[in-house]
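Report on one structure; see the data block that follows.
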Amino acid sequence: MRKLRRTLKAKPQALVLAFDLEVYEHNHDIILEIGYAMTSLDNPEDDLQTFHYVIKENLHYTNGDRVPDNRECFMFGTSRCMSLRRAAAKIQNHIDDADFLVAHSAAHDEEFLAHCGVSVSDKRMFDTQVLAMALLPDGPPLYSLKRLLTDLEIPFDEDILHNGGNDAFYTMEVFLALTGL
């Protein structure tokens, strides 16, 4: 943790991008939403920007059996409906500008991004689930985003989770709380 904090403090004006993707629960190759939040480490609250893209060609797929379909419930900005290709290009541009990436259960979202041609390979990535397991060893073997928000006493609305933009916003909040920024 000391090494992580030193890394982050060594670049106080670093741009951090937290992302989350929502996929179709019956076929994880079908991306329904891409959400991300960006901020600078030196002024995280004032510099925060959020993005939520609903994938146009996949509008006819809806979740609801295993996870709620909350694509219409983005609470931290305005959702935009666009093609996967255009959404992928937009997040790629922001990833290219970012110094650090953050995700919750990052391997899945990184795989989903790669599936649509987005590369994160040259970026330093922090996984809030892995950080929580290291920093909160008395907790469960795996932390859900909801559990982390609850344990860290971060205010949230449970009814809007499983929305790519909202989850990216909350992932950023968890990351900042875990790292003490």
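Following the order of the structure tokens, chains are lettered A, B, ..., residues in each are numbered from 1, and ligands are numbered from 1.
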Using only C-alpha atoms, which protein or nucleic acid residues come within 9 Å of A:Phe76? Drop anything in the same chain fewer than 3 positions from it, and give the result as an mmCIF file with C-alpha atoms, in the first residue's frame.
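After the write, result_3.cif holds the following:
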```cif
data_model
loop_
_atom_site.group_PDB
_atom_site.id
_atom_site.type_symbol
_atom_site.label_atom_id
_atom_site.label_comp_id
_atom_site.auth_asym_id
_atom_site.auth_seq_id
_atom_site.Cartn_x
_atom_site.Cartn_y
_atom_site.Cartn_z
ATOM 1 C CA GLN A 49 -16.204 13.983 -15.270
ATOM 2 C CA THR A 50 -18.544 11.066 -15.985
ATOM 3 C CA PHE A 51 -19.542 9.368 -19.234
ATOM 4 C CA HIS A 52 -22.190 6.780 -20.053
ATOM 5 C CA GLY A 165 -21.731 5.038 -15.720
ATOM 6 C CA ASN A 166 -22.961 4.816 -12.140
ATOM 7 C CA PHE A 169 -18.494 6.704 -10.639
#
```
task: Fewer than 3 positions away in the same chain doesn't count, so skip those; otherwise give me all residues within 10 Å of A:Val67, counting only C-alpha atoms, as an NGL selection string.
output: :A and (22 or 24-25 or 62-64 or 70 or 161-162)
query: Near A:Arg2, counting only C-alpha atoms, which residues have an atom at most 10 Å away, once you skip same-chain residues fewer than 5 positions from it, shown as an MDAnalysis selection string?
result: chainID A and resid 7:8 179
Hey, can you spit out that residue selection with C-alpha atoms as a PDB file, in the first residue's frame?
```pdb
ATOM      1  CA  THR A   7       3.235   5.950  -6.950  1.00  0.00           C
ATOM      2  CA  LEU A   8       0.099   8.086  -6.850  1.00  0.00           C
ATOM      3  CA  THR A 179      -6.044   4.968  -1.288  1.00  0.00           C
TER       4      THR A 179
END
```
message: Which residues are close to A:Ile91, i.e. within 10 Å by only C-alpha atoms, leaving aside same-chain residues fewer than 3 positions away? Reply as number ranges by chain.
response: A: 17, 19, 34-36, 51, 53, 86-88, 94-97, 113, 118-119
Write the selection just made, keeping all heavy atoms, as a compact mmCIF listing (two decimals), in the first residue's frame?
```
# COMPACT_ATOMS: atom_id res chain seq x y z
N LEU A 17 -8.72 7.26 -14.64
CA LEU A 17 -9.96 6.90 -15.32
C LEU A 17 -10.46 5.58 -14.74
O LEU A 17 -9.76 4.57 -14.77
CB LEU A 17 -9.71 6.76 -16.82
CG LEU A 17 -10.93 6.44 -17.68
CD1 LEU A 17 -10.82 7.16 -19.02
CD2 LEU A 17 -11.08 4.95 -17.92
N PHE A 19 -13.48 2.71 -15.03
CA PHE A 19 -14.43 2.30 -16.06
C PHE A 19 -15.22 1.08 -15.63
O PHE A 19 -14.81 0.31 -14.76
CB PHE A 19 -13.74 2.06 -17.40
CG PHE A 19 -12.75 0.94 -17.41
CD1 PHE A 19 -13.13 -0.35 -17.79
CD2 PHE A 19 -11.43 1.14 -17.03
CE1 PHE A 19 -12.22 -1.39 -17.80
CE2 PHE A 19 -10.51 0.10 -17.04
CZ PHE A 19 -10.91 -1.16 -17.43
N ILE A 34 -21.08 1.25 -21.79
CA ILE A 34 -19.72 1.58 -21.37
C ILE A 34 -19.82 2.85 -20.54
O ILE A 34 -20.38 3.85 -20.99
CB ILE A 34 -18.77 1.81 -22.56
CG1 ILE A 34 -18.64 0.54 -23.41
CG2 ILE A 34 -17.41 2.31 -22.09
CD1 ILE A 34 -17.81 0.71 -24.67
N GLY A 35 -19.29 2.79 -19.33
CA GLY A 35 -19.29 3.96 -18.47
C GLY A 35 -17.89 4.21 -17.94
O GLY A 35 -17.12 3.28 -17.74
N TYR A 36 -17.57 5.47 -17.73
CA TYR A 36 -16.29 5.79 -17.11
C TYR A 36 -16.34 7.15 -16.44
O TYR A 36 -17.17 7.99 -16.75
CB TYR A 36 -15.12 5.67 -18.08
CG TYR A 36 -15.19 6.46 -19.35
CD1 TYR A 36 -14.43 7.61 -19.51
CD2 TYR A 36 -15.95 6.02 -20.43
CE1 TYR A 36 -14.46 8.32 -20.70
CE2 TYR A 36 -15.98 6.72 -21.62
CZ TYR A 36 -15.24 7.87 -21.75
OH TYR A 36 -15.27 8.58 -22.93
N PHE A 51 -19.07 9.68 -17.89
CA PHE A 51 -19.54 9.37 -19.23
C PHE A 51 -20.33 8.06 -19.19
O PHE A 51 -19.95 7.13 -18.48
CB PHE A 51 -18.35 9.20 -20.19
CG PHE A 51 -17.48 10.42 -20.26
CD1 PHE A 51 -16.46 10.62 -19.33
CD2 PHE A 51 -17.68 11.38 -21.24
CE1 PHE A 51 -15.64 11.74 -19.38
CE2 PHE A 51 -16.86 12.51 -21.29
CZ PHE A 51 -15.84 12.69 -20.37
N TYR A 53 -22.26 5.54 -22.12
CA TYR A 53 -22.65 5.27 -23.49
C TYR A 53 -23.50 4.01 -23.54
O TYR A 53 -23.07 2.94 -23.08
CB TYR A 53 -21.42 5.07 -24.40
CG TYR A 53 -20.45 6.23 -24.34
CD1 TYR A 53 -19.09 6.01 -24.29
CD2 TYR A 53 -20.89 7.56 -24.36
CE1 TYR A 53 -18.18 7.07 -24.25
CE2 TYR A 53 -20.00 8.61 -24.31
CZ TYR A 53 -18.64 8.36 -24.26
OH TYR A 53 -17.75 9.40 -24.22
N ARG A 86 -18.11 3.66 -32.09
CA ARG A 86 -17.89 5.05 -31.68
C ARG A 86 -17.60 5.16 -30.18
O ARG A 86 -16.71 5.91 -29.76
CB ARG A 86 -19.12 5.88 -32.05
CG ARG A 86 -18.94 7.34 -31.79
CD ARG A 86 -19.98 8.17 -32.49
NE ARG A 86 -19.81 9.56 -32.12
CZ ARG A 86 -20.81 10.35 -31.75
NH1 ARG A 86 -22.04 9.90 -31.74
NH2 ARG A 86 -20.57 11.58 -31.41
N ALA A 87 -18.34 4.39 -29.37
CA ALA A 87 -18.11 4.40 -27.92
C ALA A 87 -16.70 3.90 -27.60
O ALA A 87 -16.02 4.45 -26.74
CB ALA A 87 -19.16 3.55 -27.21
N ALA A 88 -16.27 2.86 -28.31
CA ALA A 88 -14.93 2.31 -28.10
C ALA A 88 -13.86 3.36 -28.45
O ALA A 88 -12.87 3.50 -27.74
CB ALA A 88 -14.74 1.04 -28.92
N HIS A 94 -9.77 8.66 -24.21
CA HIS A 94 -9.61 9.04 -22.80
C HIS A 94 -8.61 8.12 -22.08
O HIS A 94 -7.85 8.59 -21.23
CB HIS A 94 -10.96 9.07 -22.08
CG HIS A 94 -11.77 10.27 -22.43
ND1 HIS A 94 -13.03 10.18 -22.98
CD2 HIS A 94 -11.51 11.58 -22.31
CE1 HIS A 94 -13.50 11.40 -23.18
NE2 HIS A 94 -12.59 12.27 -22.78
N ILE A 95 -8.63 6.85 -22.41
CA ILE A 95 -7.64 5.93 -21.82
C ILE A 95 -6.23 6.35 -22.22
O ILE A 95 -5.32 6.35 -21.40
CB ILE A 95 -7.93 4.47 -22.24
CG1 ILE A 95 -9.16 3.95 -21.47
CG2 ILE A 95 -6.72 3.57 -22.00
CD1 ILE A 95 -9.67 2.60 -21.92
N ASP A 96 -6.06 6.74 -23.48
CA ASP A 96 -4.75 7.18 -23.95
C ASP A 96 -4.25 8.39 -23.16
O ASP A 96 -3.05 8.54 -22.93
CB ASP A 96 -4.80 7.50 -25.44
CG ASP A 96 -4.97 6.27 -26.30
OD1 ASP A 96 -4.78 5.13 -25.81
OD2 ASP A 96 -5.34 6.44 -27.49
N ASP A 97 -5.17 9.26 -22.74
CA ASP A 97 -4.80 10.46 -21.98
C ASP A 97 -4.58 10.19 -20.50
O ASP A 97 -3.94 10.99 -19.81
CB ASP A 97 -5.90 11.53 -22.11
CG ASP A 97 -5.98 12.10 -23.52
OD1 ASP A 97 -5.00 11.97 -24.28
OD2 ASP A 97 -7.04 12.66 -23.86
N LEU A 113 -13.37 -4.81 -22.97
CA LEU A 113 -12.84 -3.70 -23.77
C LEU A 113 -11.99 -4.22 -24.92
O LEU A 113 -12.11 -3.74 -26.06
CB LEU A 113 -12.01 -2.76 -22.89
CG LEU A 113 -12.76 -1.77 -22.02
CD1 LEU A 113 -11.79 -0.98 -21.16
CD2 LEU A 113 -13.64 -0.84 -22.84
N VAL A 118 -10.44 -1.99 -27.73
CA VAL A 118 -9.86 -0.97 -26.85
C VAL A 118 -8.68 -1.59 -26.11
O VAL A 118 -8.81 -2.64 -25.49
CB VAL A 118 -10.91 -0.44 -25.85
CG1 VAL A 118 -10.27 0.52 -24.86
CG2 VAL A 118 -12.06 0.22 -26.59
N SER A 119 -7.55 -0.93 -26.17
CA SER A 119 -6.33 -1.43 -25.53
C SER A 119 -6.02 -0.66 -24.25
O SER A 119 -6.02 0.57 -24.24
CB SER A 119 -5.15 -1.31 -26.48
OG SER A 119 -3.96 -1.64 -25.82
```
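Considering the residues A:Met172, A:Ala10, A:Cys81, A:Ala89 and counting only C-alpha atoms, A:Leu145 has its shortest atom-to-atom contact with A:Met172.
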task: Could you give me, as a PyMOL selection string, the residues within 8 Å of A:Tyr170, counting only C-alpha atoms and dropping anything in the same chain fewer than 3 positions from it?
output: chain A and resi 145+149+156+166-167+173-174
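Taking only C-alpha atoms into account, A:Gly164 lies nearest to A:Ser79 out of the set A:Ser40, A:Ser79, A:Lys3, A:Tyr61.
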Do a neighbour search on A:Phe100 at 12 Å with only C-alpha atoms, toss out local chain neighbours closer than 4 positions, and write the hits as a PDB file with N, CA, C and O atoms, in the first residue's frame.
```
ATOM      1  N   LEU A   4       1.927   1.877  -3.466  1.00  0.00           N
ATOM      2  CA  LEU A   4       0.818   2.422  -4.246  1.00  0.00           C
ATOM      3  C   LEU A   4       0.656   3.909  -3.966  1.00  0.00           C
ATOM      4  O   LEU A   4       0.576   4.723  -4.891  1.00  0.00           O
ATOM      5  N   THR A   7       3.424   5.871  -5.497  1.00  0.00           N
ATOM      6  CA  THR A   7       3.235   5.950  -6.950  1.00  0.00           C
ATOM      7  C   THR A   7       2.241   7.050  -7.293  1.00  0.00           C
ATOM      8  O   THR A   7       2.479   7.855  -8.193  1.00  0.00           O
ATOM      9  N   LEU A   8       1.135   7.090  -6.577  1.00  0.00           N
ATOM     10  CA  LEU A   8       0.099   8.086  -6.850  1.00  0.00           C
ATOM     11  C   LEU A   8       0.548   9.484  -6.463  1.00  0.00           C
ATOM     12  O   LEU A   8       0.301  10.444  -7.195  1.00  0.00           O
ATOM     13  N   LYS A  11       2.911  11.546  -8.765  1.00  0.00           N
ATOM     14  CA  LYS A  11       2.303  12.190  -9.924  1.00  0.00           C
ATOM     15  C   LYS A  11       1.001  12.857  -9.474  1.00  0.00           C
ATOM     16  O   LYS A  11      -0.090  12.407  -9.796  1.00  0.00           O
ATOM     17  N   PRO A  12       1.092  13.934  -8.687  1.00  0.00           N
ATOM     18  CA  PRO A  12      -0.100  14.515  -8.060  1.00  0.00           C
ATOM     19  C   PRO A  12      -1.146  15.037  -9.044  1.00  0.00           C
ATOM     20  O   PRO A  12      -2.305  15.137  -8.710  1.00  0.00           O
ATOM     21  N   GLN A  13      -0.743  15.383 -10.227  1.00  0.00           N
ATOM     22  CA  GLN A  13      -1.705  15.880 -11.215  1.00  0.00           C
ATOM     23  C   GLN A  13      -2.134  14.783 -12.185  1.00  0.00           C
ATOM     24  O   GLN A  13      -2.708  15.064 -13.231  1.00  0.00           O
ATOM     25  N   ALA A  14      -1.879  13.547 -11.812  1.00  0.00           N
ATOM     26  CA  ALA A  14      -2.220  12.416 -12.674  1.00  0.00           C
ATOM     27  C   ALA A  14      -3.716  12.375 -12.955  1.00  0.00           C
ATOM     28  O   ALA A  14      -4.539  12.724 -12.118  1.00  0.00           O
ATOM     29  N   LEU A  15      -4.031  11.924 -14.149  1.00  0.00           N
ATOM     30  CA  LEU A  15      -5.417  11.728 -14.558  1.00  0.00           C
ATOM     31  C   LEU A  15      -5.762  10.254 -14.358  1.00  0.00           C
ATOM     32  O   LEU A  15      -5.072   9.374 -14.870  1.00  0.00           O
ATOM     33  N   VAL A  16      -6.817   9.999 -13.594  1.00  0.00           N
ATOM     34  CA  VAL A  16      -7.255   8.637 -13.304  1.00  0.00           C
ATOM     35  C   VAL A  16      -8.592   8.411 -13.995  1.00  0.00           C
ATOM     36  O   VAL A  16      -9.477   9.269 -13.959  1.00  0.00           O
ATOM     37  N   LEU A  17      -8.724   7.261 -14.636  1.00  0.00           N
ATOM     38  CA  LEU A  17      -9.959   6.899 -15.315  1.00  0.00           C
ATOM     39  C   LEU A  17     -10.462   5.577 -14.743  1.00  0.00           C
ATOM     40  O   LEU A  17      -9.758   4.574 -14.773  1.00  0.00           O
ATOM     41  N   ALA A  18     -11.668   5.595 -14.175  1.00  0.00           N
ATOM     42  CA  ALA A  18     -12.328   4.376 -13.688  1.00  0.00           C
ATOM     43  C   ALA A  18     -13.388   3.999 -14.714  1.00  0.00           C
ATOM     44  O   ALA A  18     -14.118   4.865 -15.202  1.00  0.00           O
ATOM     45  N   PHE A  19     -13.477   2.711 -15.031  1.00  0.00           N
ATOM     46  CA  PHE A  19     -14.435   2.304 -16.057  1.00  0.00           C
ATOM     47  C   PHE A  19     -15.218   1.075 -15.628  1.00  0.00           C
ATOM     48  O   PHE A  19     -14.811   0.313 -14.765  1.00  0.00           O
ATOM     49  N   ALA A  37     -15.463   7.281 -15.459  1.00  0.00           N
ATOM     50  CA  ALA A  37     -15.325   8.522 -14.698  1.00  0.00           C
ATOM     51  C   ALA A  37     -13.850   8.887 -14.715  1.00  0.00           C
ATOM     52  O   ALA A  37     -13.000   8.011 -14.587  1.00  0.00           O
ATOM     53  N   MET A  38     -13.567  10.172 -14.884  1.00  0.00           N
ATOM     54  CA  MET A  38     -12.183  10.646 -14.920  1.00  0.00           C
ATOM     55  C   MET A  38     -12.016  11.803 -13.947  1.00  0.00           C
ATOM     56  O   MET A  38     -12.911  12.622 -13.799  1.00  0.00           O
ATOM     57  N   THR A  39     -10.848  11.827 -13.319  1.00  0.00           N
ATOM     58  CA  THR A  39     -10.528  12.953 -12.445  1.00  0.00           C
ATOM     59  C   THR A  39      -9.020  13.061 -12.285  1.00  0.00           C
ATOM     60  O   THR A  39      -8.280  12.126 -12.599  1.00  0.00           O
ATOM     61  N   SER A  40      -8.582  14.192 -11.779  1.00  0.00           N
ATOM     62  CA  SER A  40      -7.166  14.359 -11.458  1.00  0.00           C
ATOM     63  C   SER A  40      -6.972  14.051  -9.984  1.00  0.00           C
ATOM     64  O   SER A  40      -7.866  14.294  -9.160  1.00  0.00           O
ATOM     65  N   LEU A  41      -5.819  13.530  -9.641  1.00  0.00           N
ATOM     66  CA  LEU A  41      -5.548  13.182  -8.253  1.00  0.00           C
ATOM     67  C   LEU A  41      -5.439  14.398  -7.346  1.00  0.00           C
ATOM     68  O   LEU A  41      -5.773  14.321  -6.175  1.00  0.00           O
ATOM     69  N   HIS A  94      -9.770   8.656 -24.206  1.00  0.00           N
ATOM     70  CA  HIS A  94      -9.607   9.040 -22.805  1.00  0.00           C
ATOM     71  C   HIS A  94      -8.611   8.124 -22.083  1.00  0.00           C
ATOM     72  O   HIS A  94      -7.850   8.590 -21.229  1.00  0.00           O
ATOM     73  N   ILE A  95      -8.626   6.847 -22.411  1.00  0.00           N
ATOM     74  CA  ILE A  95      -7.640   5.926 -21.825  1.00  0.00           C
ATOM     75  C   ILE A  95      -6.233   6.351 -22.223  1.00  0.00           C
ATOM     76  O   ILE A  95      -5.318   6.346 -21.399  1.00  0.00           O
ATOM     77  N   ASP A  96      -6.065   6.739 -23.475  1.00  0.00           N
ATOM     78  CA  ASP A  96      -4.747   7.180 -23.947  1.00  0.00           C
ATOM     79  C   ASP A  96      -4.245   8.391 -23.162  1.00  0.00           C
ATOM     80  O   ASP A  96      -3.049   8.536 -22.926  1.00  0.00           O
ATOM     81  N   VAL A 120      -5.736  -1.415 -23.200  1.00  0.00           N
ATOM     82  CA  VAL A 120      -5.309  -0.815 -21.929  1.00  0.00           C
ATOM     83  C   VAL A 120      -3.940  -1.365 -21.529  1.00  0.00           C
ATOM     84  O   VAL A 120      -3.475  -1.132 -20.421  1.00  0.00           O
ATOM     85  N   SER A 121      -3.296  -2.056 -22.441  1.00  0.00           N
ATOM     86  CA  SER A 121      -2.095  -2.825 -22.111  1.00  0.00           C
ATOM     87  C   SER A 121      -0.923  -1.998 -21.603  1.00  0.00           C
ATOM     88  O   SER A 121      -0.125  -2.486 -20.820  1.00  0.00           O
ATOM     89  N   ASP A 122      -0.799  -0.749 -22.020  1.00  0.00           N
ATOM     90  CA  ASP A 122       0.358   0.031 -21.580  1.00  0.00           C
ATOM     91  C   ASP A 122       0.036   0.949 -20.401  1.00  0.00           C
ATOM     92  O   ASP A 122       0.831   1.808 -20.044  1.00  0.00           O
ATOM     93  N   LYS A 123      -1.122   0.753 -19.778  1.00  0.00           N
ATOM     94  CA  LYS A 123      -1.526   1.602 -18.654  1.00  0.00           C
ATOM     95  C   LYS A 123      -1.452   0.847 -17.338  1.00  0.00           C
ATOM     96  O   LYS A 123      -1.735  -0.337 -17.263  1.00  0.00           O
ATOM     97  N   ARG A 124      -1.080   1.535 -16.295  1.00  0.00           N
ATOM     98  CA  ARG A 124      -1.084   0.961 -14.951  1.00  0.00           C
ATOM     99  C   ARG A 124      -2.525   0.886 -14.471  1.00  0.00           C
ATOM    100  O   ARG A 124      -3.236   1.890 -14.493  1.00  0.00           O
ATOM    101  N   MET A 125      -2.973  -0.311 -14.099  1.00  0.00           N
ATOM    102  CA  MET A 125      -4.351  -0.497 -13.686  1.00  0.00           C
ATOM    103  C   MET A 125      -4.430  -0.936 -12.237  1.00  0.00           C
ATOM    104  O   MET A 125      -3.652  -1.778 -11.794  1.00  0.00           O
ATOM    105  N   PHE A 126      -5.398  -0.369 -11.520  1.00  0.00           N
ATOM    106  CA  PHE A 126      -5.669  -0.742 -10.152  1.00  0.00           C
ATOM    107  C   PHE A 126      -7.066  -1.346 -10.089  1.00  0.00           C
ATOM    108  O   PHE A 126      -8.016  -0.781 -10.629  1.00  0.00           O
ATOM    109  N   ASP A 127      -7.167  -2.485  -9.438  1.00  0.00           N
ATOM    110  CA  ASP A 127      -8.431  -3.193  -9.294  1.00  0.00           C
ATOM    111  C   ASP A 127      -8.922  -2.981  -7.860  1.00  0.00           C
ATOM    112  O   ASP A 127      -8.262  -3.401  -6.905  1.00  0.00           O
ATOM    113  N   MET A 172     -14.713   4.803  -8.800  1.00  0.00           N
ATOM    114  CA  MET A 172     -13.769   5.895  -8.536  1.00  0.00           C
ATOM    115  C   MET A 172     -13.839   6.305  -7.066  1.00  0.00           C
ATOM    116  O   MET A 172     -12.801   6.513  -6.423  1.00  0.00           O
ATOM    117  N   PHE A 175     -12.039   3.716  -5.021  1.00  0.00           N
ATOM    118  CA  PHE A 175     -10.591   3.829  -5.211  1.00  0.00           C
ATOM    119  C   PHE A 175     -10.019   4.987  -4.401  1.00  0.00           C
ATOM    120  O   PHE A 175      -9.007   4.825  -3.694  1.00  0.00           O
TER     121      PHE A 175
END
```
query: Using only C-alpha atoms, which of A:Gln129, A:Thr171, A:Ser144, A:Asn163 sits nearest A:Glu33?
result: A:Asn163
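Distances here use only C-alpha atoms; by that measure, the residue among A:His115, A:Lys9, A:Thr78, A:Glu45 closest to A:Ile30 is A:His115.
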- request: Return as a PyMOL selection string the full set of residues in stretch 3-181 of chain A whose backbone-based DSSP assignment is strand (DSSP E or B).
  value: chain A and resi 15-24+27-40+49-55+79-82+100-103+124-127
query: Please, which residues of chain A, numbered as in this document, come out helix (DSSP H, G or I) from DSSP, as a PyMOL selection string?
result: chain A and resi 2-9+44-47+56-58+84-97+106-115+128-135+145-151+158-160+164-179
File of the preceding selection, C-alpha atoms, as a compact mmCIF listing (two decimals), in the first residue's frame:
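Heads up, here's the output in out15.txt:
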```txt
# COMPACT_ATOMS: atom_id res chain seq x y z
CA ARG A 2 2.86 2.37 0.75
CA LYS A 3 4.24 1.72 -2.73
CA LEU A 4 0.82 2.42 -4.25
CA ARG A 5 0.46 5.69 -2.35
CA ARG A 6 4.02 6.72 -3.30
CA THR A 7 3.23 5.95 -6.95
CA LEU A 8 0.10 8.09 -6.85
CA LYS A 9 1.69 10.94 -4.89
CA PRO A 44 -10.63 14.70 -7.49
CA GLU A 45 -13.98 16.17 -6.45
CA ASP A 46 -13.90 19.29 -8.61
CA ASP A 47 -12.31 17.70 -11.69
CA LYS A 56 -27.18 1.43 -30.09
CA GLU A 57 -26.94 -1.89 -31.91
CA ASN A 58 -27.60 -3.82 -28.69
CA LEU A 84 -20.07 0.29 -30.09
CA ARG A 85 -17.40 1.37 -32.54
CA ARG A 86 -17.89 5.05 -31.68
CA ALA A 87 -18.11 4.40 -27.92
CA ALA A 88 -14.93 2.31 -28.10
CA ALA A 89 -13.11 5.12 -29.92
CA LYS A 90 -14.22 7.67 -27.32
CA ILE A 91 -13.09 5.63 -24.32
CA GLN A 92 -9.83 4.73 -26.11
CA ASN A 93 -9.03 8.44 -26.51
CA HIS A 94 -9.61 9.04 -22.80
CA ILE A 95 -7.64 5.93 -21.82
CA ASP A 96 -4.75 7.18 -23.95
CA ASP A 97 -4.80 10.46 -21.98
CA ALA A 106 -10.80 -5.50 -13.69
CA ALA A 107 -10.00 -8.69 -15.61
CA HIS A 108 -13.56 -9.00 -16.88
CA ASP A 109 -13.93 -5.40 -18.01
CA GLU A 110 -10.45 -5.36 -19.52
CA GLU A 111 -11.41 -8.46 -21.53
CA PHE A 112 -14.68 -6.85 -22.65
CA LEU A 113 -12.84 -3.70 -23.77
CA ALA A 114 -10.29 -5.77 -25.70
CA HIS A 115 -13.18 -7.56 -27.42
CA THR A 128 -10.57 -2.05 -6.36
CA GLN A 129 -11.50 -5.64 -5.56
CA VAL A 130 -7.83 -6.64 -5.23
CA LEU A 131 -7.02 -3.47 -3.26
CA ALA A 132 -9.89 -4.20 -0.87
CA MET A 133 -8.74 -7.77 -0.28
CA ALA A 134 -5.28 -6.44 0.63
CA LEU A 135 -6.44 -3.51 2.74
CA LEU A 145 -18.93 -3.08 -5.39
CA LYS A 146 -22.04 -2.81 -3.20
CA ARG A 147 -20.23 -4.40 -0.25
CA LEU A 148 -17.26 -2.06 -0.63
CA LEU A 149 -19.50 1.00 -0.78
CA THR A 150 -21.26 -0.19 2.36
CA ASP A 151 -18.09 -1.12 4.29
CA GLU A 158 -28.49 0.51 -4.51
CA ASP A 159 -31.28 0.86 -7.10
CA ILE A 160 -28.94 2.44 -9.66
CA GLY A 164 -22.03 1.32 -16.46
CA GLY A 165 -21.73 5.04 -15.72
CA ASN A 166 -22.96 4.82 -12.14
CA ASP A 167 -20.71 1.85 -11.37
CA ALA A 168 -17.71 3.69 -12.84
CA PHE A 169 -18.49 6.70 -10.64
CA TYR A 170 -18.80 4.51 -7.55
CA THR A 171 -15.64 2.58 -8.46
CA MET A 172 -13.77 5.90 -8.54
CA GLU A 173 -15.22 6.78 -5.12
CA VAL A 174 -14.08 3.41 -3.72
CA PHE A 175 -10.59 3.83 -5.21
CA LEU A 176 -10.18 7.29 -3.71
CA ALA A 177 -11.38 6.04 -0.31
CA LEU A 178 -9.12 2.97 -0.34
CA THR A 179 -6.04 4.97 -1.29
```
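Here atom CA of A:Asp65 stands at a distance of 26.4 Å from atom CA of A:Pro155.
Put simply, atom CA of A:Asn27 is 24.2 Å away from atom CA of A:Val102.
Nearest to A:Arg71 of all the residues A:Leu142, A:Leu136, A:Ile154, A:Leu59 is A:Leu59, counting only C-alpha atoms.
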query: Between A:Leu152, A:Leu48, A:Asn43, A:Ala103, which is the closest to A:Gly77 once you count only C-alpha atoms?
result: A:Leu48
